[in-house]
Amino acid sequence: MVEYQIAARGIRDQRVLSAMKEVPRHLFVPPPYDKSAYEDYPLPIGNGQTISQPYIVALMTELLALQSTDRVLEIGTGCGYQAAVLAALVRQVTTIERIPEVAGLARANLAAVGSKNVEVIVGDGTLGYPKKAPYEGIIITAATPSIPRPLIEQLAEGGRLVAPVGGRDIQELIRLRKKDGSINEDNHGGVRFVPLIGECGWNG
Ligand code: SAM
C-alpha cells in the first residue's frame, strides 16, 4: 500500500510514510470489508460513514507538515484510522465525532492499536474544541461548504488547516496557513467525502 499507492503518487515525507506503515489499517475496518483494508479506495464502516482512501489520508497528513511537538484537532473521527496516523506523528490529537456509536468504534480501535495520545470527543466538530485550542494542525475529514469560522479562530499562529471544501458530492482539498495573523490558501485537487453536518457545516 505505502510503496505503490502512496510513495508512487508523490508523498515524500518519511515520517508520514513510516506512520502509514506502522498503523495496522485492517484493525480499523469492520468485517466483511477488512479483507480489502489495504486496497486503493474508501470503505464502509457502518452508520453510512466511511474510512478514507489510504492515499488521501497520507496526502492530508503530509499537507499538515507536522512536528512531533504539535497538537492536532481532527473533525470527523470515523473509525479512528486518521487519528491513529496523526497520533504516531504528534504530541496530542483531539478528534471529534458527531455519531456516538461511531465514536465508540473509534475508541475501541484506538485502544486496540495502543494509541494513547488521542482523545475522542462526541459533538459537533464544526464548532471546534476551544478547551484545548490553539492547534498547530486542524484536519476536517468530511465535506464542508466552507471552512467553519470557529476552526480558523482555533488555529495557532503558524498553524495549518486541511479540509475538503465544496459541494455535498465533490470538493477541492484546501489547505489554509495562518501567518502573521493572515490566512494563505492553496488547492490540492478534487476529492470526495461524506458531508460535515453541523452548525457551521451542512444542515443534515
Ligand atoms: N477520519 C476518518 C478516517 O480516519 O477514516 C474518516 C471520516 S468519515 C469520511 C467522516 C466522519 O465525519 C463521519 O464519521 C461523520 O459522522 C463525521 N462527521 C460529520 N459531521 C460531523 C461533525 N459536525 N462533527 C464531527 N464529526 C462529523
# chains A, B, ... in the order shown; residues from 1 in each chain; ligands from 1

call {"tool": "residues_around", "arguments": {"residues": "Ile183 of chain A", "least_positions_apart": "5", "cutoff": "10 Å", "atoms": "only C-alpha atoms", "output": "list in words"}}
result
Ile152, Glu157, Gly158, Gly159, Arg160, Arg175, Leu176, Arg177 and Lys178 of chain A

call {"tool": "write_last_selection", "arguments": {"atoms": "N, CA, C and O atoms", "output": "PDB file, in the first residue's frame"}}
result
ATOM      1  N   ILE A 152     -10.971  28.292  12.201  1.00  0.00           N
ATOM      2  CA  ILE A 152      -9.922  29.255  11.822  1.00  0.00           C
ATOM      3  C   ILE A 152      -9.443  29.988  13.078  1.00  0.00           C
ATOM      4  O   ILE A 152      -8.254  30.200  13.285  1.00  0.00           O
ATOM      5  N   GLU A 157      -1.046  30.508  15.499  1.00  0.00           N
ATOM      6  CA  GLU A 157      -0.191  31.284  14.594  1.00  0.00           C
ATOM      7  C   GLU A 157       0.861  30.320  13.995  1.00  0.00           C
ATOM      8  O   GLU A 157       1.464  29.525  14.734  1.00  0.00           O
ATOM      9  N   GLY A 158       0.998  30.315  12.675  1.00  0.00           N
ATOM     10  CA  GLY A 158       1.900  29.359  12.011  1.00  0.00           C
ATOM     11  C   GLY A 158       1.235  28.018  11.732  1.00  0.00           C
ATOM     12  O   GLY A 158       1.854  27.129  11.150  1.00  0.00           O
ATOM     13  N   GLY A 159      -0.042  27.865  12.134  1.00  0.00           N
ATOM     14  CA  GLY A 159      -0.738  26.578  12.016  1.00  0.00           C
ATOM     15  C   GLY A 159      -1.251  26.305  10.610  1.00  0.00           C
ATOM     16  O   GLY A 159      -1.341  27.207   9.768  1.00  0.00           O
ATOM     17  N   ARG A 160      -1.565  25.036  10.347  1.00  0.00           N
ATOM     18  CA  ARG A 160      -2.078  24.574   9.044  1.00  0.00           C
ATOM     19  C   ARG A 160      -3.426  23.889   9.232  1.00  0.00           C
ATOM     20  O   ARG A 160      -3.604  23.127  10.192  1.00  0.00           O
ATOM     21  N   ARG A 175      -5.829  23.797   1.670  1.00  0.00           N
ATOM     22  CA  ARG A 175      -5.005  23.995   2.878  1.00  0.00           C
ATOM     23  C   ARG A 175      -4.936  25.487   3.196  1.00  0.00           C
ATOM     24  O   ARG A 175      -4.670  26.307   2.312  1.00  0.00           O
ATOM     25  N   LEU A 176      -5.191  25.823   4.458  1.00  0.00           N
ATOM     26  CA  LEU A 176      -5.011  27.198   4.937  1.00  0.00           C
ATOM     27  C   LEU A 176      -3.778  27.246   5.822  1.00  0.00           C
ATOM     28  O   LEU A 176      -3.528  26.306   6.586  1.00  0.00           O
ATOM     29  N   ARG A 177      -3.028  28.349   5.718  1.00  0.00           N
ATOM     30  CA  ARG A 177      -1.911  28.569   6.646  1.00  0.00           C
ATOM     31  C   ARG A 177      -2.061  29.945   7.268  1.00  0.00           C
ATOM     32  O   ARG A 177      -2.298  30.929   6.544  1.00  0.00           O
ATOM     33  N   LYS A 178      -1.951  29.983   8.594  1.00  0.00           N
ATOM     34  CA  LYS A 178      -2.093  31.257   9.319  1.00  0.00           C
ATOM     35  C   LYS A 178      -0.700  31.807   9.594  1.00  0.00           C
ATOM     36  O   LYS A 178       0.103  31.147  10.257  1.00  0.00           O
TER      37      LYS A 178
END

call {"tool": "residues_around", "arguments": {"residues": "segment 132-142 of chain A", "least_positions_apart": "2", "cutoff": "6 Å", "atoms": "only C-alpha atoms", "output": "ChimeraX atom specification"}}
result
/A:70-76,130,154-156,159-163,193-196

call {"tool": "residues_near_ligand", "arguments": {"ligand": "ligand 1", "cutoff": "7 Å", "atoms": "only C-alpha atoms and all ligand atoms", "output": "PyMOL selection string"}}
result
chain A and resi 49-52+75-83+96-99+102+123-126+141-142+193-198+201

call {"tool": "closest_residue", "arguments": {"among": "A:Leu173, A:Leu27, A:Ile147, A:Met20", "to": "Val113 of chain A", "atoms": "only C-alpha atoms"}}
result
A:Leu27

call {"tool": "select_by_dssp", "arguments": {"residues": "segment 49-179 of chain A", "states": "strand (DSSP E)", "output": "VMD selection string"}}
result
chain A and resid 49 to 51 71 to 75 92 to 97 118 to 122 135 to 140 155 to 166 171 to 179
